[in-house]
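Shown here: start.txt, compact mmCIF, C-alpha atoms and all ligand atoms.
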# COMPACT_ATOMS: atom_id res chain seq x y z
CA MET A 83 -19.64 -5.11 -8.57
CA THR A 84 -19.22 -2.79 -5.64
CA THR A 85 -20.78 0.62 -5.25
CA ARG A 86 -17.33 2.09 -5.51
CA ARG A 87 -16.77 0.55 -8.92
CA ARG A 88 -20.12 1.83 -10.12
CA THR A 89 -19.17 5.29 -8.94
CA LEU A 90 -15.92 5.04 -10.85
CA GLN A 91 -17.72 4.04 -14.01
CA ARG A 92 -20.16 6.90 -13.74
CA LEU A 93 -17.26 9.26 -13.33
CA GLY A 94 -15.71 7.92 -16.49
CA SER A 95 -17.80 10.15 -18.71
CA VAL A 96 -17.64 13.26 -16.55
CA VAL A 97 -15.66 16.12 -17.98
CA LEU A 98 -13.47 17.93 -15.53
CA CYS A 99 -15.17 21.30 -15.16
CA LEU A 100 -13.15 24.38 -14.46
CA GLY A 101 -14.11 28.04 -14.75
CA THR A 102 -12.90 29.67 -17.95
CA ALA A 103 -10.60 31.94 -15.98
CA GLU A 104 -8.80 28.89 -14.64
CA LEU A 105 -8.48 27.11 -17.97
CA ALA A 106 -4.93 26.61 -19.02
CA HIS A 107 -3.71 28.38 -22.09
CA GLY A 108 -0.18 27.55 -22.95
CA ALA A 109 0.30 25.65 -19.72
CA ALA A 110 3.77 24.24 -19.21
CA ILE A 111 4.12 20.57 -18.35
CA LEU A 112 6.54 20.18 -15.46
CA ALA A 113 6.66 16.41 -15.14
CA VAL A 114 4.89 13.22 -16.11
CA ARG A 115 4.90 10.13 -13.94
CA VAL A 116 3.54 6.59 -14.23
CA TRP A 117 2.98 4.42 -11.12
CA PRO A 118 2.21 0.85 -12.16
CA ALA A 119 0.78 -1.58 -9.60
CA SER A 120 -1.59 -4.52 -9.55
CA ASP A 121 -3.96 -2.49 -7.32
CA TYR A 122 -4.21 0.21 -9.97
CA SER A 123 -1.93 2.09 -12.34
CA ARG A 124 -1.68 5.86 -12.18
CA VAL A 125 -0.60 8.48 -14.71
CA THR A 126 0.17 11.95 -13.30
CA ILE A 127 0.68 15.04 -15.42
CA GLU A 128 2.05 17.97 -13.43
CA SER A 129 1.76 21.46 -14.86
CA ASP A 130 2.11 25.10 -13.83
CA ARG A 131 -1.61 25.70 -14.41
CA ALA A 132 -4.73 23.59 -13.99
CA LEU A 133 -5.44 21.49 -17.08
CA ALA A 134 -8.86 20.79 -18.57
CA ALA A 135 -9.15 17.28 -19.89
CA ARG A 136 -11.66 14.59 -20.77
CA HIS A 137 -11.29 10.92 -21.43
CA PHE A 138 -13.19 8.08 -23.08
CA LEU A 139 -12.72 4.35 -23.52
CA THR A 140 -12.81 2.28 -26.68
CA ASP A 141 -13.03 -1.48 -26.91
CA GLY A 142 -11.62 -3.56 -29.76
CA PRO A 143 -8.87 -2.60 -29.35
CA LEU A 144 -9.01 -1.67 -25.69
CA ARG A 145 -7.87 1.91 -25.38
CA LEU A 146 -8.25 4.93 -23.19
CA VAL A 147 -8.08 8.31 -24.89
CA LEU A 148 -7.34 11.45 -22.89
CA ASP A 149 -7.69 14.86 -24.54
CA ILE A 150 -6.01 17.73 -22.73
CA GLU A 151 -7.03 21.22 -23.79
CA GLY A 152 -5.02 24.41 -24.11
CA LEU A 153 -1.80 22.57 -24.61
CA GLU A 154 0.91 22.23 -27.21
CA LEU A 155 2.78 18.95 -27.43
CA ASP A 156 6.17 19.33 -25.81
CA ALA A 157 9.19 17.25 -24.86
CA ALA A 158 7.96 16.67 -21.28
CA LEU A 159 4.72 15.09 -22.51
CA ARG A 160 6.55 12.99 -25.07
CA GLU A 161 8.57 11.51 -22.19
CA LEU A 162 5.43 9.69 -21.10
CA VAL A 163 5.87 7.26 -24.00
CA GLY A 164 9.08 5.89 -22.51
CA LYS A 165 7.75 5.75 -18.97
CA VAL A 166 5.42 2.79 -19.37
CA ALA A 167 6.99 -0.26 -17.73
CA PRO A 168 6.65 -3.63 -19.48
CA GLU A 169 5.27 -5.10 -16.24
CA ASP A 170 2.50 -2.49 -15.96
CA PRO A 171 -0.62 -4.65 -15.45
CA TYR A 172 -2.93 -2.21 -17.21
CA ILE A 173 -1.02 -0.08 -19.73
CA ALA A 174 0.67 -1.69 -22.74
CA ALA A 175 1.83 1.54 -24.37
CA VAL A 176 1.14 5.27 -24.54
CA ARG A 177 1.12 7.47 -27.62
CA VAL A 178 0.90 11.26 -27.59
CA GLY A 179 0.07 13.64 -30.40
CA GLN A 180 -1.28 17.09 -31.22
CA TYR A 181 -4.87 16.07 -31.95
CA GLN A 182 -6.12 19.59 -32.75
CA PRO A 183 -4.53 22.99 -32.37
CA ARG A 184 -4.24 23.33 -28.58
CA VAL A 185 -5.53 19.84 -27.84
CA VAL A 186 -3.05 17.13 -26.99
CA ARG A 187 -4.31 13.57 -27.21
CA LEU A 188 -2.91 10.72 -25.15
CA VAL A 189 -3.83 7.22 -26.28
CA LEU A 190 -3.24 4.43 -23.76
CA ASP A 191 -3.26 0.91 -25.20
CA LEU A 192 -4.67 -1.25 -22.42
CA LYS A 193 -3.84 -4.79 -21.36
CA GLN A 194 -7.23 -5.29 -19.72
CA ALA A 195 -10.56 -3.53 -19.30
CA VAL A 196 -10.37 -0.81 -16.66
CA ALA A 197 -12.53 1.49 -14.57
CA PRO A 198 -10.76 4.80 -15.11
CA GLN A 199 -10.91 7.67 -12.70
CA GLN A 200 -9.74 11.16 -13.60
CA PHE A 201 -9.29 14.03 -11.20
CA ALA A 202 -7.29 17.18 -10.60
CA LEU A 203 -5.24 18.15 -7.56
CA THR A 204 -4.38 21.71 -6.62
CA PRO A 205 -0.82 22.60 -5.58
CA VAL A 206 0.30 20.92 -2.35
CA ALA A 207 3.68 20.14 -0.75
CA ALA A 208 6.33 20.10 -3.50
CA TYR A 209 3.76 19.72 -6.28
CA GLN A 210 2.07 22.21 -8.58
CA HIS A 211 -1.17 21.36 -10.42
CA ARG A 212 -1.68 17.66 -11.08
CA LEU A 213 -3.98 15.92 -13.52
CA VAL A 214 -4.37 12.31 -12.39
CA LEU A 215 -5.68 9.31 -14.26
CA ASP A 216 -6.10 6.10 -12.26
CA LEU A 217 -6.82 2.81 -13.99
CA HIS A 218 -8.54 0.41 -11.62
CA PRO A 219 -9.42 -3.20 -12.40
CA LEU A 220 -13.07 -3.80 -13.24
CA GLN A 221 -13.24 -6.42 -10.54
CA GLU A 222 -11.15 -6.51 -7.41
CA SER A 223 -9.52 -9.84 -6.62
CA ASP A 224 -10.33 -11.37 -3.24
CA PRO A 225 -7.35 -10.52 -0.98
CA LEU A 226 -8.21 -13.15 1.64
CA LEU A 227 -8.34 -15.91 -0.96
CA ALA A 228 -5.03 -14.68 -2.37
CA LEU A 229 -3.46 -14.88 1.11
CA VAL A 230 -4.75 -18.41 1.68
CA ARG A 231 -3.47 -19.56 -1.70
CA ASP A 232 -0.12 -17.96 -0.99
CA LYS A 233 -0.07 -19.92 2.27
CA GLU A 234 -0.94 -23.16 0.43
CA ALA A 235 1.83 -22.56 -2.08
CA ALA A 236 4.34 -21.99 0.72
CA GLN A 237 3.21 -25.19 2.47
CA ALA A 238 3.42 -27.20 -0.73
CA GLN A 239 6.90 -25.84 -1.33
CA ALA A 240 7.97 -26.78 2.20
CA GLU A 241 6.53 -30.30 1.80
CA ARG A 242 8.30 -30.68 -1.50
CA ALA A 243 11.58 -29.64 0.07
CA VAL A 244 11.11 -32.34 2.73
CA GLN A 245 10.25 -34.94 0.07
CA ASP A 246 13.27 -33.94 -1.98
CA ALA A 247 15.51 -34.23 1.07
CA LEU A 248 14.03 -37.66 1.89
CA GLY A 249 14.45 -38.75 -1.73
CA ASP A 250 18.05 -37.64 -1.55
CA LEU A 251 18.59 -39.66 1.59
CA ILE A 252 17.00 -42.79 0.11
CA THR A 253 19.12 -42.45 -3.03
CA ARG A 254 22.24 -42.27 -0.92
CA VAL A 255 21.26 -45.33 1.10
CA ASP A 256 20.11 -47.29 -1.94
CA PRO A 257 22.05 -46.15 -5.03
CA ALA A 258 19.99 -48.48 -7.24
CA ARG A 259 16.91 -46.40 -6.57
CA PRO A 260 16.51 -43.70 -9.23
CA ALA A 261 16.97 -40.13 -8.05
CA PRO A 262 13.86 -37.94 -8.16
CA ALA A 263 13.48 -36.11 -11.46
CA ALA A 264 15.17 -32.74 -11.25
CA SER A 265 12.30 -31.01 -12.99
CA ALA A 266 9.39 -32.48 -11.03
CA PRO A 267 6.28 -30.39 -11.65
CA PRO A 268 5.40 -28.07 -8.77
CA LEU A 269 2.70 -29.42 -6.48
CA MET A 270 0.67 -26.33 -7.02
CA THR A 271 1.07 -23.06 -8.78
CA PRO A 272 0.09 -19.92 -6.91
CA ALA A 273 -2.87 -18.69 -8.90
CA PRO A 274 -4.68 -15.91 -7.06
CA GLU A 275 -7.00 -15.31 -9.98
CA PRO A 276 -10.63 -16.34 -9.71
CA PRO A 277 -12.63 -18.34 -10.71
CA ARG A 278 -10.87 -21.39 -9.25
CA PRO A 279 -13.38 -22.55 -6.63
CA VAL A 280 -12.51 -22.44 -2.94
CA THR A 281 -11.54 -25.87 -1.65
CA ALA A 282 -12.32 -27.46 1.73
CA ALA A 283 -8.58 -27.38 2.50
CA GLU A 284 -8.55 -23.64 1.89
CA ARG A 285 -11.49 -23.19 4.25
CA ARG A 286 -9.59 -25.07 6.95
CA ILE A 287 -6.48 -22.93 6.41
CA VAL A 288 -8.39 -19.70 6.79
CA GLU A 289 -9.99 -20.87 10.03
CA ARG A 290 -6.62 -21.37 11.68
CA LEU A 291 -4.75 -18.43 10.20
CA ILE A 292 -3.58 -15.36 12.09
CA ILE A 293 -3.60 -12.49 9.63
CA ILE A 294 -1.48 -9.41 10.24
CA ALA A 295 -1.89 -6.31 8.10
CA VAL A 296 1.45 -4.53 7.73
CA ASP A 297 1.09 -1.04 6.32
CA PRO A 298 4.14 0.65 4.78
CA GLY A 299 3.28 4.37 4.94
CA HIS A 300 3.11 6.73 1.96
CA GLY A 301 4.20 5.58 -1.55
CA GLY A 302 3.96 6.77 -5.14
CA GLU A 303 3.22 10.49 -5.35
CA ASP A 304 3.64 10.75 -1.58
CA PRO A 305 7.32 10.26 -0.68
CA GLY A 306 6.67 10.85 3.04
CA ALA A 307 9.53 12.56 4.86
CA ILE A 308 12.89 12.95 3.16
CA GLY A 309 16.14 12.70 5.12
CA PRO A 310 19.01 15.21 4.94
CA SER A 311 20.93 12.94 2.55
CA GLY A 312 17.85 12.12 0.46
CA LEU A 313 16.54 8.86 1.97
CA ARG A 314 12.79 8.72 1.34
CA GLU A 315 10.43 7.50 4.02
CA LYS A 316 8.29 5.60 1.47
CA ASP A 317 11.29 3.50 0.41
CA VAL A 318 12.69 2.72 3.83
CA VAL A 319 9.32 1.74 5.32
CA LEU A 320 8.57 -0.54 2.37
CA ALA A 321 11.92 -2.26 2.88
CA ILE A 322 11.21 -2.70 6.61
CA ALA A 323 7.66 -3.92 5.94
CA ARG A 324 8.90 -6.56 3.48
CA VAL A 325 11.40 -7.91 6.02
CA LEU A 326 8.68 -7.87 8.68
CA ARG A 327 6.42 -9.88 6.37
CA GLU A 328 9.16 -12.45 5.83
CA GLU A 329 9.86 -12.65 9.58
CA LEU A 330 6.21 -13.07 10.61
CA ASN A 331 5.32 -15.41 7.73
CA ALA A 332 8.01 -17.81 8.95
CA GLN A 333 5.56 -18.77 11.68
CA ARG A 334 3.34 -21.57 10.37
CA ASN A 335 -0.07 -20.15 11.23
CA VAL A 336 0.65 -16.51 10.36
CA ARG A 337 0.13 -14.70 7.08
CA VAL A 338 0.99 -11.06 6.46
CA MET A 339 -0.97 -8.85 4.10
CA LEU A 340 0.96 -5.78 2.95
CA THR A 341 -1.34 -2.83 2.25
CA ARG A 342 1.03 -1.84 -0.53
CA THR A 343 3.64 -4.02 -2.18
CA GLY A 344 5.43 -1.45 -4.34
CA ASP A 345 5.96 2.22 -4.97
CA TYR A 346 2.41 3.50 -5.46
CA PHE A 347 0.05 5.48 -3.29
CA VAL A 348 -2.70 3.85 -1.26
CA PRO A 349 -5.26 6.24 0.31
CA LEU A 350 -5.57 6.06 4.10
CA TYR A 351 -9.15 4.74 4.13
CA GLU A 352 -8.15 2.15 1.52
CA ARG A 353 -5.43 0.81 3.84
CA VAL A 354 -8.05 0.34 6.57
CA ARG A 355 -10.46 -1.23 4.08
CA LYS A 356 -7.82 -3.70 2.90
CA ALA A 357 -7.14 -4.82 6.47
CA ARG A 358 -10.85 -5.28 7.09
CA ARG A 359 -11.33 -7.23 3.86
CA VAL A 360 -8.84 -9.87 5.00
CA GLN A 361 -10.31 -9.73 8.53
CA ALA A 362 -6.89 -8.94 9.92
CA ASP A 363 -6.17 -9.73 13.58
CA LEU A 364 -3.74 -6.81 13.83
CA PHE A 365 -2.78 -3.71 11.88
CA VAL A 366 0.76 -2.32 12.08
CA SER A 367 1.59 0.86 10.17
CA VAL A 368 5.30 1.54 9.61
CA HIS A 369 6.68 5.09 9.29
CA ALA A 370 9.91 7.09 9.67
CA ASP A 371 8.99 10.71 9.85
CA ALA A 372 10.59 14.10 10.06
CA PHE A 373 10.16 16.60 12.84
CA LEU A 374 10.52 20.35 13.11
CA ARG A 375 13.82 20.03 14.97
CA PRO A 376 16.52 17.94 13.23
CA GLU A 377 17.83 16.80 16.62
CA ALA A 378 14.55 15.00 17.39
CA ARG A 379 15.28 11.29 17.68
CA GLY A 380 14.01 7.93 18.78
CA ALA A 381 11.23 5.54 17.85
CA SER A 382 7.62 6.02 18.96
CA VAL A 383 4.51 3.87 18.93
CA PHE A 384 1.06 5.39 18.52
CA ALA A 385 -2.46 4.14 19.08
CA LEU A 386 -5.73 5.82 18.24
CA SER A 387 -7.30 8.39 20.47
CA THR A 388 -10.89 9.51 20.32
CA LYS A 389 -10.47 12.22 22.92
CA GLY A 390 -7.63 14.33 21.65
CA ALA A 391 -3.92 13.66 21.46
CA SER A 392 -1.74 12.55 24.39
CA SER A 393 0.84 15.27 23.60
CA ALA A 394 1.45 18.16 21.24
CA THR A 395 3.99 16.03 19.35
CA ALA A 396 1.46 13.21 18.94
CA ARG A 397 -1.10 15.66 17.56
CA TRP A 398 1.50 17.10 15.20
CA MET A 399 2.46 13.62 13.96
CA ALA A 400 -1.16 12.60 13.41
CA ASP A 401 -1.92 15.81 11.49
CA ARG A 402 1.14 15.21 9.37
CA GLU A 403 0.26 11.58 8.62
CA ASN A 404 -3.36 12.42 7.91
CA ARG A 405 -2.22 14.84 5.20
CA ALA A 406 -0.89 11.89 3.16
CA ASP A 407 -4.06 11.70 1.08
CA ALA A 408 -3.69 15.31 -0.07
CA VAL A 409 -0.11 14.71 -1.23
CA GLY A 410 -0.62 11.14 -2.47
CA GLY A 411 -3.70 12.16 -4.42
CA VAL A 412 -7.22 10.98 -3.72
CA SER A 413 -10.31 11.83 -5.65
CA ILE A 414 -12.92 12.94 -3.14
CA ALA A 415 -15.62 11.70 -5.48
CA SER A 416 -14.08 8.25 -5.66
CA ALA A 417 -14.20 7.54 -1.98
CA ASP A 418 -17.50 6.24 -0.82
CA GLU A 419 -17.85 9.16 1.54
CA GLN A 420 -20.65 7.76 3.63
CA LEU A 421 -18.93 4.45 4.19
CA LYS A 422 -15.73 6.26 4.98
CA ARG A 423 -17.36 8.51 7.56
CA ALA A 424 -19.26 5.66 9.19
CA LEU A 425 -16.10 3.61 9.37
CA LEU A 426 -14.04 6.38 10.88
CA ASP A 427 -16.61 7.21 13.54
CA MET A 428 -16.97 3.70 14.90
CA SER A 429 -13.70 3.45 16.77
CA THR A 430 -14.29 1.59 19.99
CA THR A 431 -12.73 1.71 23.40
CA ALA A 432 -12.05 -2.05 23.14
CA GLN A 433 -10.00 -1.49 19.99
CA ILE A 434 -7.99 1.26 21.68
CA ARG A 435 -7.43 -0.85 24.82
CA ASP A 436 -6.05 -3.75 22.74
CA SER A 437 -4.02 -1.37 20.57
CA LEU A 438 -2.37 0.05 23.69
CA LYS A 439 -1.49 -3.48 24.87
CA LEU A 440 0.02 -4.28 21.49
CA GLY A 441 1.77 -0.91 21.38
CA ARG A 442 3.36 -1.44 24.81
CA GLU A 443 4.81 -4.84 23.77
CA VAL A 444 6.18 -3.43 20.52
CA LEU A 445 7.61 -0.31 22.21
CA ARG A 446 9.27 -2.38 24.93
CA HIS A 447 11.13 -4.53 22.40
CA ILE A 448 12.08 -1.62 20.12
CA GLY A 449 13.55 0.02 23.22
CA ARG A 450 16.04 -2.86 23.42
CA VAL A 451 17.51 -2.25 19.95
CA GLY A 452 17.18 1.49 19.56
CA ARG A 453 16.48 4.73 21.30
CA LEU A 454 12.89 5.65 22.15
CA HIS A 455 11.47 9.11 21.65
CA LYS A 456 9.20 8.56 24.63
CA GLY A 457 8.79 5.53 26.87
CA THR A 458 5.02 5.30 26.60
CA VAL A 459 2.58 4.57 23.81
CA GLU A 460 1.21 7.89 22.56
CA GLN A 461 -2.29 8.47 21.28
CA ALA A 462 -3.74 10.72 18.58
CA GLY A 463 -6.38 10.68 15.85
CA PHE A 464 -4.49 8.83 13.10
CA ALA A 465 -6.93 8.06 10.26
CA VAL A 466 -5.10 4.87 9.37
CA LEU A 467 -5.65 3.37 12.85
CA LYS A 468 -9.43 3.57 12.73
CA ALA A 469 -10.49 0.04 11.82
CA PRO A 470 -13.06 -0.37 14.60
CA GLU A 471 -12.42 -4.06 15.29
CA ILE A 472 -8.69 -4.44 14.60
CA PRO A 473 -6.04 -3.56 17.22
CA SER A 474 -3.93 -1.04 15.32
CA VAL A 475 -0.63 0.71 16.02
CA LEU A 476 1.56 3.08 14.09
CA VAL A 477 5.29 2.64 14.59
CA GLU A 478 7.51 5.62 13.91
CA THR A 479 10.75 3.72 13.53
CA GLY A 480 12.85 6.86 13.93
CA PHE A 481 13.23 10.43 12.73
CA ILE A 482 14.54 10.40 9.17
CA SER A 483 15.18 14.14 9.64
CA ASN A 484 17.95 13.31 12.12
CA PRO A 485 21.17 12.55 10.12
CA GLU A 486 22.26 9.84 12.54
CA GLU A 487 18.90 8.10 12.51
CA GLU A 488 18.66 8.44 8.73
CA ALA A 489 21.94 6.52 8.45
CA ARG A 490 20.70 3.79 10.84
CA LEU A 491 17.35 3.46 9.03
CA ARG A 492 19.20 2.97 5.76
CA ASP A 493 21.26 0.12 7.24
CA PRO A 494 19.78 -3.33 6.44
CA ASP A 495 21.22 -4.73 9.69
CA TYR A 496 19.41 -2.11 11.75
CA GLN A 497 16.23 -2.66 9.70
CA ARG A 498 16.43 -6.35 10.61
CA GLU A 499 16.96 -5.57 14.30
CA LEU A 500 13.93 -3.31 14.24
CA VAL A 501 11.88 -5.99 12.52
CA GLN A 502 12.92 -8.58 15.11
CA ALA A 503 11.82 -6.20 17.86
CA ILE A 504 8.45 -5.45 16.26
CA ALA A 505 7.86 -9.15 15.52
CA THR A 506 8.76 -10.15 19.07
CA GLY A 507 6.36 -7.51 20.39
CA ILE A 508 3.60 -8.89 18.17
CA ARG A 509 4.28 -12.50 19.29
CA ARG A 510 4.28 -11.43 22.95
CA TYR A 511 0.95 -9.71 22.40
CA PHE A 512 -0.56 -12.84 20.87
CA ALA A 513 0.89 -15.01 23.65
CA ARG A 514 -0.94 -12.89 26.21
CA ASN A 515 -4.01 -12.14 24.12
CA PRO A 516 -4.70 -15.17 21.92
CA PRO A 517 -6.79 -14.18 18.90
CA LEU A 518 -10.42 -15.18 19.23
CA ALA A 519 -11.58 -17.93 16.95
CA ARG A 520 -12.59 -15.88 13.95
CA ASP A 521 -15.60 -16.67 11.88
CA ARG A 522 -13.82 -16.04 8.61
CA GLN A 523 -15.68 -16.77 5.44
CA LEU A 524 -14.01 -17.46 2.16
ZN ZN B 601 4.96 8.80 7.68
Represent the structure of the file as structure tokens.
Amino acid sequence: MTTRRRTLQRLGSVVLCLGTAELAHGAAILAVRVWPASDYSRVTIESDRALAARHFLTDGPLRLVLDIEGLELDAALRELVGKVAPEDPYIAAVRVGQYQPRVVRLVLDLKQAVAPQQFALTPVAAYQHRLVLDLHPLQESDPLLALVRDKEAAQAQAERAVQDALGDLITRVDPARPAPAASAPPLMTPAPEPPRPVTAAERRIVERLIIIAVDPGHGGEDPGAIGPSGLREKDVVLAIARVLREELNAQRNVRVMLTRTGDYFVPLYERVRKARRVQADLFVSVHADAFLRPEARGASVFALSTKGASSATARWMADRENRADAVGGVSIASADEQLKRALLDMSTTAQIRDSLKLGREVLRHIGRVGRLHKGTVEQAGFAVLKAPEIPSVLVETGFISNPEEEARLRDPDYQRELVQAIATGIRRYFARNPPLARDRQL
């Protein structure tokens, strides 16, 4: 179990402490939200005043109980009951009730044991006070093993398709030969769950694999920028990232790891950590931001800078992106602060040099399908680009604040053109800078 998990468990019994003056009395609930994901599921309760709450776990049956003080049960809280999705990996159901006068109790029936983490967020962006409950798995699955098994499954499927086609051909040539059974069992089922032991074949796959971390910005509580007609950055960049994964995965020796696969928030340091855990060869963060002036337009590519930003716009963009954690919601206590600081201070000139090479290839190809904001790769202190050993770029695919660009970003054909350009840039980079033989360990 990692240090982080231990920290989470310790936090489980900590009561959120607020001064009596700040305690809510008759607070109004403004909204409740549930963000289910295999990474972790989150429950957010937004209110006009800070809420005091404490939680505890029970086993047999597995439940998490959250008592919120100074509150009367109201319609907004009751809505939570209907907001649990059947596919939520952690929460089976939620019940709410007035446990005591002025204490509302939430009971979460759990599908599996969790390491809960509770924290409060003060008003930021469009949000007022938020009480957040994150349910993390007790043990993280191994993302590299999951990628390799996904690769194996894809290969098996491709081989099966070839066999089926051959079988078809033989049947046509020799009608006496029985056709292959329509419901032949799959050669392998993708089962990312441990404890299936790692096979020699899997070790060989990982040795040859090029792994690209694709990072769709924002997500969950953090919508990113919102266009004039309501298009949300978090949605459009996830759509682009999924197409990019499909495009890059089509190459035999490439596997893409998405840092988020759905609509939930992933903290910036966690995105970097995920890329490092799969020993990614590249990191590409995808965004579509807003700017102060609605007429701002064009795509940009950014690399890290350790010595200040290359322009005022670059600094502005980096500051804006780095605020994602405040909006998305991160418990300061949860992050292993020391690890985080060490990680973020180790950026190397070699990483930046390679990131600039990658950025130039990507920018050049994007320039063929769309307008560029600036013809050179810009640099600024983006937190998400700070994996010390992984060439990392952030692609601003366009300004969602510009009505024309918002319309283009929404268009699946343009998304595909963009993806082709980014993928071509990545392939060109690898053609000129072949990845070193990595000493990956499964
Ligand atoms: Zn963004």
Pull the closest atom pair for each residue of chain A that gets at most 6 Å from ligand ZN 601 (chain B), along with the distance in Å to one decimal, counting all atoms listed in the file, ordering rows by chain and then ascending residue number, as a Markdown table.
| residue | atom | partner | partner_atom | distance |
| --- | --- | --- | --- | --- |
| A:Gly299 | CA | B:ZN601 | ZN | 5.5 |
| A:Gly306 | CA | B:ZN601 | ZN | 5.4 |
| A:His369 | CA | B:ZN601 | ZN | 4.4 |
| A:Ala370 | CA | B:ZN601 | ZN | 5.6 |
| A:Asp371 | CA | B:ZN601 | ZN | 5.0 |
| A:Glu403 | CA | B:ZN601 | ZN | 5.5 |
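Shortest separation to Ser437 in chain A among A:Thr126, A:Ser483, A:Gln194, A:Asn515 occurs at residue A:Asn515, atoms counted being all atoms listed in the file.
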Please determine, counting all atoms listed in the file, which residue among A:Ile448, A:Leu440, A:Leu229, A:Ala195 has the shortest atom-to-atom distance to Ala513 in chain A. A:Leu440
Contacts of range 332-339 of chain A within 9 Å, all atoms listed in the file, excl. fewer than 6 positions in-chain, as a JSON list (two decimals) with C-alpha atoms, in the coordinates of the input:
[["chain", "number", "residue", "atom", "x", "y", "z"],
["A", 225, "PRO", "CA", -7.35, -10.52, -0.98],
["A", 226, "LEU", "CA", -8.21, -13.15, 1.64],
["A", 229, "LEU", "CA", -3.46, -14.88, 1.11],
["A", 230, "VAL", "CA", -4.75, -18.41, 1.68],
["A", 232, "ASP", "CA", -0.12, -17.96, -0.99],
["A", 233, "LYS", "CA", -0.07, -19.92, 2.27],
["A", 237, "GLN", "CA", 3.21, -25.19, 2.47],
["A", 287, "ILE", "CA", -6.48, -22.93, 6.41],
["A", 290, "ARG", "CA", -6.62, -21.37, 11.68],
["A", 291, "LEU", "CA", -4.75, -18.43, 10.20],
["A", 292, "ILE", "CA", -3.58, -15.36, 12.09],
["A", 293, "ILE", "CA", -3.60, -12.49, 9.63],
["A", 294, "ILE", "CA", -1.48, -9.41, 10.24],
["A", 295, "ALA", "CA", -1.89, -6.31, 8.10],
["A", 296, "VAL", "CA", 1.45, -4.53, 7.73],
["A", 297, "ASP", "CA", 1.09, -1.04, 6.32],
["A", 326, "LEU", "CA", 8.68, -7.87, 8.68],
["A", 356, "LYS", "CA", -7.82, -3.70, 2.90],
["A", 357, "ALA", "CA", -7.14, -4.82, 6.47],
["A", 360, "VAL", "CA", -8.84, -9.87, 5.00],
["A", 362, "ALA", "CA", -6.89, -8.94, 9.92]]
Nearest residue to Arg231 in chain A out of A:Ile308, A:Ile508, A:Ala283, A:Leu445, using only C-alpha atoms? A:Ala283
Any idea what the distance is between CA of Leu153 in chain A and CA of Phe201 in chain A?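 About the pair CA of Leu153 in chain A and CA of Phe201 in chain A: they are 17.6 Å apart.
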Env of Val178 in chain A: 9 Å cut, atoms = all atoms listed in the file, seq-sep filter 6 positions within chain, self excluded. Answer as an NGL selection string. :A and (155 or 159-160 or 162-163 or 186-190)
Rounded to one decimal in Å, what is the spacing between CA of Leu476 in chain A and CA of Asn331 in chain A?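 Calculated distance between CA of Leu476 in chain A and CA of Asn331 in chain A is 19.9 Å.
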Out of A:Gln461, A:Pro376, A:Asp363, A:Glu471, which residue has the shortest atom-to-atom distance to Lys389 in chain A when counting all atoms listed in the file? A:Gln461
Reconstructed range 369-379 of chain A, atom set N, CA and C atoms, as a PDB file, in the coordinates of the input:
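After the write, result-v9.pdb holds the following:
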ATOM      1  N   HIS A 369       6.293   3.751   9.761  1.00  0.00           N
ATOM      2  CA  HIS A 369       6.680   5.090   9.290  1.00  0.00           C
ATOM      3  C   HIS A 369       8.086   5.444   9.773  1.00  0.00           C
ATOM      4  N   ALA A 370       8.613   6.538   9.229  1.00  0.00           N
ATOM      5  CA  ALA A 370       9.910   7.090   9.670  1.00  0.00           C
ATOM      6  C   ALA A 370       9.873   8.570   9.330  1.00  0.00           C
ATOM      7  N   ASP A 371       9.295   9.344  10.219  1.00  0.00           N
ATOM      8  CA  ASP A 371       8.990  10.710   9.850  1.00  0.00           C
ATOM      9  C   ASP A 371      10.029  11.752  10.208  1.00  0.00           C
ATOM     10  N   ALA A 372       9.735  12.954   9.760  1.00  0.00           N
ATOM     11  CA  ALA A 372      10.590  14.100  10.060  1.00  0.00           C
ATOM     12  C   ALA A 372       9.939  14.899  11.180  1.00  0.00           C
ATOM     13  N   PHE A 373      10.734  15.717  11.832  1.00  0.00           N
ATOM     14  CA  PHE A 373      10.160  16.600  12.840  1.00  0.00           C
ATOM     15  C   PHE A 373      10.716  17.993  12.608  1.00  0.00           C
ATOM     16  N   LEU A 374      10.122  18.954  13.273  1.00  0.00           N
ATOM     17  CA  LEU A 374      10.520  20.350  13.110  1.00  0.00           C
ATOM     18  C   LEU A 374      11.991  20.537  13.448  1.00  0.00           C
ATOM     19  N   ARG A 375      12.427  19.871  14.539  1.00  0.00           N
ATOM     20  CA  ARG A 375      13.820  20.030  14.970  1.00  0.00           C
ATOM     21  C   ARG A 375      14.628  18.836  14.477  1.00  0.00           C
ATOM     22  N   PRO A 376      15.741  19.068  13.766  1.00  0.00           N
ATOM     23  CA  PRO A 376      16.520  17.940  13.230  1.00  0.00           C
ATOM     24  C   PRO A 376      17.127  17.070  14.336  1.00  0.00           C
ATOM     25  N   GLU A 377      17.229  17.600  15.556  1.00  0.00           N
ATOM     26  CA  GLU A 377      17.830  16.800  16.620  1.00  0.00           C
ATOM     27  C   GLU A 377      16.823  15.822  17.244  1.00  0.00           C
ATOM     28  N   ALA A 378      15.545  15.943  16.862  1.00  0.00           N
ATOM     29  CA  ALA A 378      14.550  15.000  17.390  1.00  0.00           C
ATOM     30  C   ALA A 378      14.954  13.592  17.013  1.00  0.00           C
ATOM     31  N   ARG A 379      14.823  12.652  17.949  1.00  0.00           N
ATOM     32  CA  ARG A 379      15.280  11.290  17.680  1.00  0.00           C
ATOM     33  C   ARG A 379      14.471  10.279  18.469  1.00  0.00           C
TER      34      ARG A 379
END
